[in-house]
$ cat input00.cif   # mmCIF, C-alpha atoms
data_input
#
loop_
_atom_site.group_PDB
_atom_site.id
_atom_site.type_symbol
_atom_site.label_atom_id
_atom_site.label_comp_id
_atom_site.auth_asym_id
_atom_site.auth_seq_id
_atom_site.Cartn_x
_atom_site.Cartn_y
_atom_site.Cartn_z
ATOM 1 C CA MET Z 1 54.280 152.635 81.615
ATOM 2 C CA THR Z 2 56.516 151.024 84.267
ATOM 3 C CA VAL Z 3 58.695 148.210 83.122
ATOM 4 C CA ALA Z 4 59.718 145.705 85.792
ATOM 5 C CA VAL Z 5 63.352 144.759 85.606
ATOM 6 C CA GLN Z 6 64.236 141.392 87.026
ATOM 7 C CA THR Z 7 67.665 140.865 88.476
ATOM 8 C CA PRO Z 8 69.038 137.471 87.532
ATOM 9 C CA LEU Z 9 69.657 135.266 90.536
ATOM 10 C CA ALA Z 10 73.021 133.675 91.021
ATOM 11 C CA PRO Z 11 73.051 129.984 90.286
ATOM 12 C CA ALA Z 12 72.419 127.918 93.378
ATOM 13 C CA ALA Z 13 75.556 125.910 92.715
ATOM 14 C CA VAL Z 14 77.752 129.012 93.146
ATOM 15 C CA LEU Z 15 76.779 129.672 96.802
ATOM 16 C CA PRO Z 16 78.445 126.617 98.356
ATOM 17 C CA ARG Z 17 81.537 127.335 96.306
ATOM 18 C CA VAL Z 18 81.690 130.936 97.562
ATOM 19 C CA ARG Z 19 81.229 129.754 101.130
ATOM 20 C CA SER Z 20 83.925 127.168 100.621
ATOM 21 C CA ILE Z 21 86.360 129.798 99.333
ATOM 22 C CA THR Z 22 85.523 132.059 102.271
ATOM 23 C CA ALA Z 23 86.129 129.248 104.749
ATOM 24 C CA VAL Z 24 89.485 128.464 103.135
ATOM 25 C CA ARG Z 25 90.449 132.116 103.364
ATOM 26 C CA HIS Z 26 89.513 132.197 107.047
ATOM 27 C CA LEU Z 27 91.647 129.128 107.701
ATOM 28 C CA ALA Z 28 94.589 130.514 105.700
ATOM 29 C CA ARG Z 29 94.458 133.876 107.453
ATOM 30 C CA GLY Z 30 94.097 132.168 110.800
ATOM 31 C CA ALA Z 31 97.144 130.024 110.066
ATOM 32 C CA LEU Z 32 99.181 133.081 109.048
ATOM 33 C CA LEU Z 33 98.076 134.904 112.189
ATOM 34 C CA SER Z 34 99.090 131.892 114.286
ATOM 35 C CA LEU Z 35 102.487 131.745 112.569
ATOM 36 C CA ALA Z 36 103.063 135.466 113.128
ATOM 37 C CA ALA Z 37 102.078 135.175 116.794
ATOM 38 C CA LEU Z 38 104.378 132.162 117.179
ATOM 39 C CA LEU Z 39 107.425 133.837 115.607
ATOM 40 C CA LEU Z 40 106.867 137.044 117.542
ATOM 41 C CA GLY Z 41 106.335 135.078 120.742
ATOM 42 C CA ILE Z 42 109.528 133.037 120.324
ATOM 43 C CA THR Z 43 111.573 136.169 119.637
ATOM 44 C CA ALA Z 44 110.123 137.989 122.630
ATOM 45 C CA GLN Z 45 110.523 134.891 124.786
ATOM 46 C CA LEU Z 46 114.208 134.393 124.021
ATOM 47 C CA LEU Z 47 115.272 138.040 124.038
ATOM 48 C CA LEU Z 48 113.079 139.562 126.746
ATOM 49 C CA LEU Z 49 110.705 137.369 128.713
ATOM 50 C CA SER Z 50 112.877 134.335 129.432
ATOM 51 C CA GLY Z 51 115.250 136.387 131.568
ATOM 52 C CA ALA Z 52 112.364 137.719 133.636
ATOM 53 C CA GLN Z 53 110.969 134.205 134.056
ATOM 54 C CA GLU Z 54 114.345 132.886 135.225
ATOM 55 C CA HIS Z 55 114.690 135.781 137.675
ATOM 56 C CA SER Z 56 111.250 135.062 139.101
ATOM 57 C CA ALA Z 57 112.037 131.340 139.419
ATOM 58 C CA GLN Z 58 115.320 132.169 141.147
ATOM 59 C CA GLN Z 59 113.538 134.352 143.702
ATOM 60 C CA ALA Z 60 111.078 131.567 144.513
ATOM 61 C CA THR Z 61 113.722 128.827 144.759
ATOM 62 C CA PHE Z 62 116.053 131.069 146.804
ATOM 63 C CA ASP Z 63 113.324 131.581 149.392
ATOM 64 C CA GLU Z 64 112.657 127.829 149.437
ATOM 65 C CA LEU Z 65 116.339 126.917 149.775
ATOM 66 C CA ARG Z 66 116.943 129.512 152.487
ATOM 67 C CA ASN Z 67 114.034 128.118 154.468
ATOM 68 C CA GLN Z 68 115.349 124.558 154.070
ATOM 69 C CA LEU Z 69 118.845 125.590 155.160
ATOM 70 C CA ALA Z 70 117.413 127.276 158.239
ATOM 71 C CA LEU Z 71 115.401 124.175 159.134
ATOM 72 C CA GLY Z 72 118.209 121.750 158.300
ATOM 73 C CA THR Z 73 116.131 119.982 155.636
ATOM 74 C CA ALA Z 74 118.101 120.988 152.517
ATOM 75 C CA PRO Z 75 119.093 118.008 150.311
ATOM 76 C CA VAL Z 76 122.449 116.363 151.027
ATOM 77 C CA ALA Z 77 122.079 113.376 148.674
ATOM 78 C CA GLN Z 78 120.395 112.309 145.444
ATOM 79 C CA THR Z 79 117.347 111.356 147.509
ATOM 80 C CA ASP Z 80 115.162 113.184 150.013
ATOM 81 C CA GLN Z 81 114.644 112.249 153.662
ATOM 82 C CA GLN Z 82 112.079 109.613 152.652
ATOM 83 C CA GLY Z 83 114.526 107.921 150.278
ATOM 84 C CA ASN Z 84 112.815 109.146 147.085
ATOM 85 C CA LEU Z 85 114.809 110.653 144.228
ATOM 86 C CA LEU Z 86 114.792 114.432 144.349
ATOM 87 C CA THR Z 87 112.181 115.970 142.091
ATOM 88 C CA PRO Z 88 113.725 117.657 139.020
ATOM 89 C CA GLY Z 89 113.856 121.389 139.624
ATOM 90 C CA SER Z 90 114.230 121.088 143.407
ATOM 91 C CA PRO Z 91 116.568 123.741 144.876
ATOM 92 C CA LEU Z 92 119.828 122.092 145.842
ATOM 93 C CA ALA Z 93 122.565 124.650 146.458
ATOM 94 C CA LEU Z 94 123.585 128.295 146.191
ATOM 95 C CA ILE Z 95 126.587 129.031 143.975
ATOM 96 C CA LYS Z 96 128.530 132.307 144.110
ATOM 97 C CA VAL Z 97 131.299 133.458 141.761
ATOM 98 C CA PRO Z 98 132.492 136.832 143.110
ATOM 99 C CA SER Z 99 134.681 137.681 140.100
ATOM 100 C CA LEU Z 100 131.617 137.474 137.819
ATOM 101 C CA GLY Z 101 129.087 138.896 140.290
ATOM 102 C CA LEU Z 102 127.211 135.608 139.911
ATOM 103 C CA GLN Z 103 124.827 134.211 142.510
ATOM 104 C CA GLN Z 104 122.407 131.485 141.482
ATOM 105 C CA VAL Z 105 120.313 128.765 143.068
ATOM 106 C CA VAL Z 106 121.303 125.378 141.651
ATOM 107 C CA LEU Z 107 118.425 123.055 140.793
ATOM 108 C CA GLU Z 108 118.340 119.274 140.584
ATOM 109 C CA GLY Z 109 118.468 117.986 137.003
ATOM 110 C CA THR Z 110 119.813 119.259 133.702
ATOM 111 C CA ASP Z 111 117.074 118.854 131.104
ATOM 112 C CA SER Z 112 115.814 121.850 129.137
ATOM 113 C CA ALA Z 113 112.780 122.483 131.348
ATOM 114 C CA VAL Z 114 114.829 122.520 134.568
ATOM 115 C CA LEU Z 115 117.479 124.855 133.151
ATOM 116 C CA THR Z 116 114.846 127.496 132.396
ATOM 117 C CA GLY Z 117 114.878 128.212 136.148
ATOM 118 C CA GLY Z 118 118.644 128.361 136.661
ATOM 119 C CA PRO Z 119 121.775 126.182 136.649
ATOM 120 C CA GLY Z 120 121.222 122.472 137.189
ATOM 121 C CA HIS Z 121 123.113 119.693 138.944
ATOM 122 C CA ARG Z 122 123.910 116.635 136.871
ATOM 123 C CA ARG Z 123 122.147 113.910 138.814
ATOM 124 C CA ASP Z 124 124.729 111.162 138.262
ATOM 125 C CA THR Z 125 127.491 113.151 140.019
ATOM 126 C CA PRO Z 126 128.073 113.943 143.709
ATOM 127 C CA LEU Z 127 126.603 117.084 145.195
ATOM 128 C CA PRO Z 128 128.880 120.151 145.322
ATOM 129 C CA GLY Z 129 131.254 120.032 148.277
ATOM 130 C CA GLN Z 130 131.379 116.250 148.399
ATOM 131 C CA ALA Z 131 134.304 114.058 147.381
ATOM 132 C CA GLY Z 132 134.412 113.312 143.667
ATOM 133 C CA THR Z 133 133.593 115.392 140.606
ATOM 134 C CA SER Z 134 130.359 117.374 140.736
ATOM 135 C CA VAL Z 135 128.983 118.758 137.462
ATOM 136 C CA LEU Z 136 126.747 121.824 137.139
ATOM 137 C CA MET Z 137 125.252 122.912 133.826
ATOM 138 C CA GLY Z 138 123.769 126.296 132.901
ATOM 139 C CA ARG Z 139 122.509 128.231 129.917
ATOM 140 C CA ALA Z 140 124.749 130.637 128.023
ATOM 141 C CA ALA Z 141 122.179 133.075 126.601
ATOM 142 C CA ALA Z 142 118.476 132.334 127.096
ATOM 143 C CA TYR Z 143 116.693 132.505 130.442
ATOM 144 C CA GLY Z 144 119.132 134.983 131.902
ATOM 145 C CA GLY Z 145 122.213 133.165 130.590
ATOM 146 C CA PRO Z 146 123.553 132.516 134.116
ATOM 147 C CA PHE Z 147 126.690 130.783 132.802
ATOM 148 C CA GLY Z 148 127.180 133.108 129.844
ATOM 149 C CA ARG Z 149 130.363 134.680 131.265
ATOM 150 C CA LEU Z 150 132.207 131.564 132.398
ATOM 151 C CA ALA Z 151 134.869 132.149 129.747
ATOM 152 C CA GLU Z 152 136.000 135.223 131.721
ATOM 153 C CA LEU Z 153 137.141 133.097 134.665
ATOM 154 C CA THR Z 154 140.868 132.741 135.198
ATOM 155 C CA GLU Z 155 143.051 130.381 137.175
ATOM 156 C CA GLY Z 156 142.811 131.039 140.896
ATOM 157 C CA ASP Z 157 139.311 132.588 140.910
ATOM 158 C CA ARG Z 158 137.208 131.398 143.836
ATOM 159 C CA ILE Z 159 133.787 129.719 143.669
ATOM 160 C CA THR Z 160 131.688 128.976 146.740
ATOM 161 C CA VAL Z 161 128.752 126.586 146.915
ATOM 162 C CA THR Z 162 126.429 126.334 149.925
ATOM 163 C CA THR Z 163 124.437 123.130 150.445
ATOM 164 C CA GLY Z 164 122.720 121.407 153.324
ATOM 165 C CA GLN Z 165 126.158 120.171 154.433
ATOM 166 C CA GLY Z 166 127.725 123.623 154.613
ATOM 167 C CA LYS Z 167 129.829 125.954 152.504
ATOM 168 C CA ALA Z 168 132.405 124.575 150.077
ATOM 169 C CA THR Z 169 135.144 126.627 148.432
ATOM 170 C CA TYR Z 170 136.652 125.865 145.042
ATOM 171 C CA GLU Z 171 139.557 127.396 143.140
ATOM 172 C CA VAL Z 172 139.441 127.596 139.342
ATOM 173 C CA LEU Z 173 141.973 125.325 137.683
ATOM 174 C CA ASP Z 174 141.329 126.009 133.994
ATOM 175 C CA VAL Z 175 138.799 126.965 131.313
ATOM 176 C CA ARG Z 176 138.678 124.539 128.403
ATOM 177 C CA ARG Z 177 136.873 124.029 125.128
ATOM 178 C CA ALA Z 178 136.619 121.110 122.737
ATOM 179 C CA GLY Z 179 140.059 119.663 122.078
ATOM 180 C CA ASP Z 180 141.701 121.134 125.171
ATOM 181 C CA PRO Z 181 143.342 118.589 127.478
ATOM 182 C CA ALA Z 182 141.370 117.610 130.569
ATOM 183 C CA PRO Z 183 143.014 117.900 133.982
ATOM 184 C CA ALA Z 184 144.145 114.827 135.853
ATOM 185 C CA PRO Z 185 141.357 113.015 137.733
ATOM 186 C CA VAL Z 186 140.875 113.969 141.374
ATOM 187 C CA ALA Z 187 142.454 111.756 143.987
ATOM 188 C CA ALA Z 188 140.337 109.729 146.372
ATOM 189 C CA GLY Z 189 138.737 111.892 149.040
ATOM 190 C CA GLU Z 190 139.223 115.116 147.072
ATOM 191 C CA GLY Z 191 136.605 117.119 145.223
ATOM 192 C CA ARG Z 192 136.233 118.986 141.951
ATOM 193 C CA LEU Z 193 133.524 121.170 140.439
ATOM 194 C CA VAL Z 194 132.940 121.296 136.676
ATOM 195 C CA LEU Z 195 130.775 124.087 135.286
ATOM 196 C CA VAL Z 196 129.443 123.402 131.780
ATOM 197 C CA THR Z 197 127.803 125.740 129.276
ATOM 198 C CA ALA Z 198 127.612 126.342 125.511
ATOM 199 C CA THR Z 199 130.066 128.159 123.268
ATOM 200 C CA GLY Z 200 129.438 130.003 120.009
ATOM 201 C CA PRO Z 201 127.338 133.058 119.079
ATOM 202 C CA ARG Z 202 124.416 133.927 121.337
ATOM 203 C CA PHE Z 203 121.422 131.630 120.766
ATOM 204 C CA MET Z 204 123.537 129.552 118.342
ATOM 205 C CA PRO Z 205 125.430 127.022 120.489
ATOM 206 C CA GLY Z 206 128.300 125.364 118.691
ATOM 207 C CA GLY Z 207 130.140 123.449 121.384
ATOM 208 C CA LEU Z 208 130.851 123.115 125.070
ATOM 209 C CA LEU Z 209 132.884 125.187 127.508
ATOM 210 C CA ARG Z 210 133.984 123.661 130.801
ATOM 211 C CA VAL Z 211 135.448 125.282 133.891
ATOM 212 C CA ASP Z 212 137.341 122.965 136.241
ATOM 213 C CA ALA Z 213 137.711 124.034 139.864
ATOM 214 C CA ASP Z 214 139.351 122.050 142.651
ATOM 215 C CA LEU Z 215 137.913 121.861 146.152
ATOM 216 C CA VAL Z 216 140.184 123.718 148.579
ATOM 217 C CA SER Z 217 138.005 123.261 151.660
ATOM 218 C CA ALA Z 218 137.422 119.964 153.449
ATOM 219 C CA ALA Z 219 135.238 117.540 151.490
ATOM 220 C CA PHE Z 220 131.855 116.645 152.915
ATOM 221 C CA PRO Z 221 130.761 113.005 153.305
ATOM 222 C CA THR Z 222 129.463 111.514 150.069
ATOM 223 C CA PRO Z 223 126.316 109.359 150.425
ATOM 224 C CA ALA Z 224 125.912 106.266 148.276
ATOM 225 C CA ALA Z 225 124.891 107.081 144.716
ATOM 226 C CA VAL Z 226 121.478 106.067 143.446
ATOM 227 C CA VAL Z 227 121.727 107.567 139.955
ATOM 228 C CA ARG Z 228 124.980 106.161 138.619
ATOM 229 C CA PRO Z 229 127.104 107.411 135.694
ATOM 230 C CA GLY Z 230 125.820 106.256 132.326
ATOM 231 C CA THR Z 231 122.191 105.984 133.445
ATOM 232 C CA LEU Z 232 121.014 109.528 132.729
ATOM 233 C CA PRO Z 233 118.364 110.032 130.013
ATOM 234 C CA GLU Z 234 119.617 111.576 126.789
ATOM 235 C CA ALA Z 235 117.570 114.730 127.494
ATOM 236 C CA GLU Z 236 119.868 115.546 130.463
ATOM 237 C CA GLN Z 237 123.102 115.421 128.462
ATOM 238 C CA PRO Z 238 124.858 118.654 127.360
ATOM 239 C CA LEU Z 239 123.162 120.406 124.406
ATOM 240 C CA ALA Z 240 120.374 117.806 124.436
ATOM 241 C CA ARG Z 241 116.751 118.354 123.485
ATOM 242 C CA PRO Z 242 113.685 116.808 125.139
ATOM 243 C CA ALA Z 243 112.715 113.345 123.969
ATOM 244 C CA GLY Z 244 109.243 112.164 122.980
ATOM 245 C CA VAL Z 245 106.206 114.013 121.638
ATOM 246 C CA PRO Z 246 105.816 117.507 123.149
ATOM 247 C CA TRP Z 247 102.111 117.124 123.924
ATOM 248 C CA PRO Z 248 101.795 120.410 125.862
ATOM 249 C CA LEU Z 249 103.125 122.266 122.813
ATOM 250 C CA VAL Z 250 100.721 120.407 120.513
ATOM 251 C CA LEU Z 251 97.716 121.343 122.677
ATOM 252 C CA TRP Z 252 98.746 124.989 122.959
ATOM 253 C CA LEU Z 253 99.272 125.154 119.188
ATOM 254 C CA GLN Z 254 95.790 123.787 118.581
ATOM 255 C CA ALA Z 255 94.310 126.373 120.938
ATOM 256 C CA LEU Z 256 96.252 129.181 119.232
ATOM 257 C CA LEU Z 257 95.112 128.099 115.761
ATOM 258 C CA ALA Z 258 91.465 127.855 116.859
ATOM 259 C CA VAL Z 259 91.528 131.315 118.434
ATOM 260 C CA ALA Z 260 93.312 132.766 115.392
ATOM 261 C CA VAL Z 261 90.623 131.417 113.030
ATOM 262 C CA ALA Z 262 87.918 132.794 115.324
ATOM 263 C CA ALA Z 263 89.671 136.178 115.322
ATOM 264 C CA VAL Z 264 89.696 136.288 111.509
ATOM 265 C CA TRP Z 265 85.982 135.386 111.444
ATOM 266 C CA ALA Z 266 85.201 138.065 114.034
ATOM 267 C CA TRP Z 267 87.183 140.634 112.033
ATOM 268 C CA HIS Z 268 84.661 140.300 109.200
ATOM 269 C CA ARG Z 269 81.545 139.891 111.370
ATOM 270 C CA TRP Z 270 82.130 142.291 114.272
ATOM 271 C CA GLY Z 271 84.687 144.749 112.955
ATOM 272 C CA ARG Z 272 88.343 145.316 113.571
ATOM 273 C CA HIS Z 273 88.063 147.364 116.770
ATOM 274 C CA GLN Z 274 85.906 144.808 118.584
ATOM 275 C CA THR Z 275 88.174 141.989 117.389
ATOM 276 C CA TRP Z 276 91.323 143.714 118.659
ATOM 277 C CA ILE Z 277 89.769 144.321 122.063
ATOM 278 C CA VAL Z 278 88.536 140.749 122.508
ATOM 279 C CA PHE Z 279 91.154 138.617 120.767
ATOM 280 C CA ALA Z 280 94.469 140.487 121.023
ATOM 281 C CA PRO Z 281 95.069 139.595 124.705
ATOM 282 C CA VAL Z 282 94.008 135.980 124.113
ATOM 283 C CA VAL Z 283 96.266 135.534 121.070
ATOM 284 C CA ALA Z 284 99.173 137.182 122.934
ATOM 285 C CA ALA Z 285 98.730 134.892 125.959
ATOM 286 C CA LEU Z 286 98.495 131.756 123.808
ATOM 287 C CA GLY Z 287 101.449 132.896 121.705
ATOM 288 C CA LEU Z 288 103.525 133.277 124.864
ATOM 289 C CA GLN Z 289 102.580 129.786 126.051
ATOM 290 C CA VAL Z 290 103.464 128.281 122.683
ATOM 291 C CA ALA Z 291 106.739 130.227 122.598
ATOM 292 C CA THR Z 292 107.654 128.997 126.079
ATOM 293 C CA ARG Z 293 106.999 125.368 125.164
ATOM 294 C CA THR Z 294 108.881 125.819 121.877
ATOM 295 C CA THR Z 295 112.012 127.214 123.534
ATOM 296 C CA GLU Z 296 112.027 124.188 125.825
ATOM 297 C CA LEU Z 297 112.627 122.075 122.707
ATOM 298 C CA LEU Z 298 115.873 123.930 122.000
ATOM 299 C CA PRO Z 299 119.251 122.699 123.336
ATOM 300 C CA ASN Z 300 119.310 122.834 127.136
ATOM 301 C CA LEU Z 301 122.485 124.976 127.272
ATOM 302 C CA LEU Z 302 121.261 127.579 124.754
#
$ encode --input "input00.cif" --output "structure tokens"
Amino acid sequence: MTVAVQTPLAPAAVLPRVRSITAVRHLARGALLSLAALLLGITAQLLLLSGAQEHSAQQATFDELRNQLALGTAPVAQTDQQGNLLTPGSPLALIKVPSLGLQQVVLEGTDSAVLTGGPGHRRDTPLPGQAGTSVLMGRAAAYGGPFGRLAELTEGDRITVTTGQGKATYEVLDVRRAGDPAPAPVAAGEGRLVLVTATGPRFMPGGLLRVDADLVSAAFPTPAAVVRPGTLPEAEQPLARPAGVPWPLVLWLQALLAVAVAAVWAWHRWGRHQTWIVFAPVVAALGLQVATRTTELLPNLL
């Protein structure tokens, strides 16, 4: 005689609880995957990719500046030919330091985003080559670290800067750190160039290094200033960070978290091979975007 064996059914109340636990696990794994992608992306961005991005930006801005110099439309003041303030990141000048093998396009502005593309001109100072003290700021390590070797300069080294007004030549006066005495102010009609970067271990800025260089060629005419000293936003000061809510970073983080949760779900539903093929490139691309926006929140001279 056949005896029917009945399998006891799980209580109905257990199913929602199991689903709830599974959903929590998906969210937790997605969050961990997002965190791992973020940390890996930031490390790769600072150590490897930022230099390539800066090099690419320099190539593009060099071509733009060379074309403007040929056409005679390169900036010669804080404003363009229509009287509008120069857009942050606009190519402004070409600086060369032969003793360091340095050649960089100088951009307008000194906030963190601008300095990812190369050295920047402090907007409340005259342009290089003009009478007065012109200040250029550049990163020491990240994004190619264009000013990372300024400490190697010695008195008498030459620096040339080419702008829409011509080529100016400077001679290094000194290299100073915090506490070192500043040189005497320039006399009326004379010019000086101050190069500013960060000191301390790589990617751990601890102070400022300044290189003072006096203009040894004839000073170019200095147009009337529009952005005056003391009016710059805090984000354009040395070692400053961007102000306000970083909305682009917030949006990219949300996208990364959503894709990470979907990847964890797909891992259980589709299988690991299909998930790797579909989601790995997407997570990597989003991780790079998040890393880029995150590094822009770090000090601008890093």
$ residues_around --input "input00.cif" --residues "Thr294 in chain Z" --least-positions-apart "6" --cutoff "12 Å" --atoms "all atoms listed in the file" --output "VMD selection string"
chain Z and resid 38 to 39 41 to 43 45 to 46 112 to 113 241 to 242 246 to 250 252 to 253 287 to 288
$ atom_distance --input "input00.cif" --atom1 "CA of Thr199 in chain Z" --atom2 "CA of Gly138 in chain Z"
11.7 Å
$ axis_aligned_box --input "input00.cif" --around "range 273-287 of chain Z" --padding-each-side "5 Å" --output "AutoDock Vina command-line options"
--center_x 93.7 --center_y 139.6 --center_z 121.4 --size_x 25.5 --size_y 25.6 --size_z 19.2
$ atom_distance --input "input00.cif" --atom1 "CA of Gly72 in chain Z" --atom2 "CA of Gln130 in chain Z"
17.4 Å
$ residues_around --input "input00.cif" --residues "Val278 in chain Z" --least-positions-apart "3" --cutoff "12 Å" --atoms "only C-alpha atoms" --output "list of chain:residue names"
Z:Val259, Z:Ala260, Z:Ala262, Z:Ala263, Z:Val264, Z:Ala266, Z:Trp267, Z:Trp270, Z:Gly271, Z:Arg272, Z:His273, Z:Gln274, Z:Thr275, Z:Pro281, Z:Val282, Z:Val283, Z:Ala284
$ atom_distance --input "input00.cif" --atom1 "CA of Gln165 in chain Z" --atom2 "CA of Gly144 in chain Z"
27.9 Å
$ closest_residue --input "input00.cif" --among "Z:Leu115, Z:Ala187, Z:Leu297, Z:Leu302" --to "Ala243 in chain Z" --atoms "only C-alpha atoms"
Z:Leu297
